[in-house]
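Let me begin by presenting the structure, written as structure tokens, before commenting on it.
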Amino acid sequence: MPNFRGRRFTNAHETLIWAARDKDAKYRFNYEAMKTLNDDLQMRSDWTIPLCTGAERLKNAEGKKAHPTQKPEALLYRTILSSTDVGDVILDPFLGTGTTGAVARMLDRRYIGLERDEEYAALARERLTGIEPLAEPSLLTTPAKREQPRIPFGWVVERGLLKAGQTLTDQQRRHTARVRADGTLSAADFRGSIHQVGAHVQKAPACNGWQFWHVELDDNLVPIDLFRQKLRAELH
Ligand SMILES: C[S@@+](CC[C@H](N)C(=O)[O-])C[C@H]1O[C@@H](n2cnc3c(N)ncnc32)[C@H](O)[C@@H]1O
């Protein structure tokens, strides 16, 4: 928010209202997309996004800021990615320079923009001309986990992507377990699913074995999830 003179706390945030029409209204929240965008950690509600400056900031003929409050595209990117789907219509009743419309187009959404100032409206029109989606829809959406087909670890073994007797380890190479022909793992004193053995060796209550266990592949340590993704891609 703008900073006013005076001895007081520096304004350092703006509040974004995230609301639905009423308590029974359906709404979209792309939890997986937000988690993925945040390095696999649930996205926090406080976001640090720099102001719109540099080449992104639209200038007028005199080289001055064309609009006093042009929003950063990164802010709209996160907002739109979190709460809409490809093809949805987004309404921005205060369009300004058209940031919402620009990012909506990039992410293959549609938009309706209202702007009462003729100059700003012209600026937005010009900006929005020719903006195309960044990529095809499959690259712009994150499938929800439940939408993805379940792949049992046994299928990876059955298909020979990992073989009975092969050794798996964690990323820090602190623990090892061997693959069994029936799609379970054997650690020194324990046998069970990739998740159970992962939890057991770490003395943890739970573990995502697909992410925890790794295997040496061409001199690289890769998560076994790679094989699950391969089988999923084949099913698609
Ligand atoms: C905060 S700015 C929006 C900036 C915009 N998000 C951007 O990135 O450029 C608000 C805009 O709403 C416009 N506006 C204010 N009242 C309006 C109204 N009643 N109808 C249409 N536009 C309006 C103003 O002219 C101004 O450009």
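Chain labels A, B, ... are given in the sequence in which chains occur in the structure tokens; within each chain residues are numbered consecutively from 1, and ligands are likewise numbered from 1 in the order shown.
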Please identify every residue of chain A that has at least one atom no farther than 12 Å from an atom of ligand 1, counting only C-alpha atoms and all ligand atoms, and for each give the shortest atom pair and the distance in Å to one decimal, arranged by chain then increasing number, as a tab-separated table.
residue	atom	partner	partner_atom_place_in_ligand_line	distance
A:Met1	CA	ligand 1	1 (C)	10.4
A:Pro2	CA	ligand 1	1 (C)	11.3
A:Glu14	CA	ligand 1	1 (C)	11.5
A:Leu51	CA	ligand 1	8 (O)	10.7
A:Cys52	CA	ligand 1	8 (O)	8.8
A:Thr53	CA	ligand 1	8 (O)	11.8
A:Glu56	CA	ligand 1	8 (O)	10.6
A:Arg57	CA	ligand 1	9 (O)	9.4
A:Leu58	CA	ligand 1	9 (O)	9.1
A:Lys59	CA	ligand 1	9 (O)	11.9
A:Lys65	CA	ligand 1	9 (O)	10.9
A:Ala66	CA	ligand 1	9 (O)	9.2
A:His67	CA	ligand 1	9 (O)	6.6
A:Pro68	CA	ligand 1	2 (S)	7.7
A:Thr69	CA	ligand 1	4 (C)	5.2
A:Gln70	CA	ligand 1	9 (O)	3.7
A:Lys71	CA	ligand 1	8 (O)	3.7
A:Pro72	CA	ligand 1	8 (O)	6.7
A:Glu73	CA	ligand 1	8 (O)	7.8
A:Ala74	CA	ligand 1	8 (O)	10.8
A:Leu75	CA	ligand 1	8 (O)	9.5
A:Leu76	CA	ligand 1	8 (O)	8.7
A:Tyr77	CA	ligand 1	8 (O)	11.9
A:Leu91	CA	ligand 1	6 (N)	11.6
A:Asp92	CA	ligand 1	6 (N)	8.0
A:Pro93	CA	ligand 1	21 (C)	5.9
A:Phe94	CA	ligand 1	12 (O)	3.5
A:Leu95	CA	ligand 1	5 (C)	5.0
A:Gly96	CA	ligand 1	27 (O)	3.5
A:Thr97	CA	ligand 1	9 (O)	3.6
A:Gly98	CA	ligand 1	9 (O)	5.3
A:Thr99	CA	ligand 1	8 (O)	4.4
A:Thr100	CA	ligand 1	6 (N)	6.5
A:Gly101	CA	ligand 1	8 (O)	9.2
A:Ala102	CA	ligand 1	8 (O)	9.4
A:Val103	CA	ligand 1	8 (O)	10.2
A:Ile112	CA	ligand 1	21 (C)	11.8
A:Gly113	CA	ligand 1	21 (C)	8.6
A:Leu114	CA	ligand 1	21 (C)	5.1
A:Glu115	CA	ligand 1	22 (N)	3.7
A:Arg116	CA	ligand 1	21 (C)	4.0
A:Asp117	CA	ligand 1	25 (O)	5.0
A:Glu118	CA	ligand 1	25 (O)	8.6
A:Glu119	CA	ligand 1	25 (O)	9.1
A:Tyr120	CA	ligand 1	27 (O)	6.2
A:Ala121	CA	ligand 1	27 (O)	8.0
A:Ala122	CA	ligand 1	27 (O)	11.2
A:Leu123	CA	ligand 1	9 (O)	9.4
A:Ala124	CA	ligand 1	9 (O)	8.0
A:Arg125	CA	ligand 1	9 (O)	11.7
A:Arg127	CA	ligand 1	9 (O)	10.6
A:Leu128	CA	ligand 1	9 (O)	11.8
Can you pull out every residue within 12 Å of range 29-32 of chain A, counting only C-alpha atoms, but drop anything in the same chain fewer than 5 positions away, and send it as a PyMOL selection string?
chain A and resi 18-20+37-44+78-86+140-148
DSSP-assigned strand (DSSP E) members of range 4-123 of chain A, reported as a ChimeraX atom specification:
/A:89-92,110-113
Mind giving me the straight-line distance from CA of Ser193 in chain A to CA of Ala164 in chain A in Å, one decimal?
13.8 Å
For His214 in chain A, please output as a ChimeraX atom specification all residues within 8 Å (counting only C-alpha atoms; exclusion window: fewer than 3 positions along the same chain).
/A:168-171,211,221-224
Go through A:Arg232, A:Phe153, A:Arg173, A:Arg180 one by one, measure the shortest atom-to-atom distance of each to Gly209 in chain A using only C-alpha atoms, and give the residue with the smallest value.
A:Phe153
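Separating CA of Ala187 in chain A from CA of Cys207 in chain A is a distance of 14.8 Å.
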Using only C-alpha atoms, which residue out of A:Arg7, A:Arg105, A:Arg150, A:Lys23 lies closest to Leu134 in chain A?
A:Arg105
All residues 10 Å or closer to Leu161 in chain A, only C-alpha atoms, same chain fewer than 5 positions away omitted, as an MDAnalysis selection string
chainID A and resid 155:156 224 227:228 230:231
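Residue neighbourhood of Gln196 in chain A, excluding near-sequence residues (fewer than 4 positions): A:Thr184, A:Leu185, A:Phe190, A:Arg191, A:Gly192, A:His200, A:Val201, A:Ala204, A:Pro205, A:Ala206, A:Cys207, A:Asn208, A:Gly209, at 10 Å, using only C-alpha atoms.
As for CA of Gly63 in chain A and CA of Glu132 in chain A, they are spaced 26.5 Å apart.
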Please, which residues of range 69-231 of chain A, numbered as in this document, come out helix (DSSP H, G or I) from DSSP, as a ChimeraX atom specification?
/A:73-83,99-106,118-128,137-140,145-147,153-158,194-202,209-212,225-231
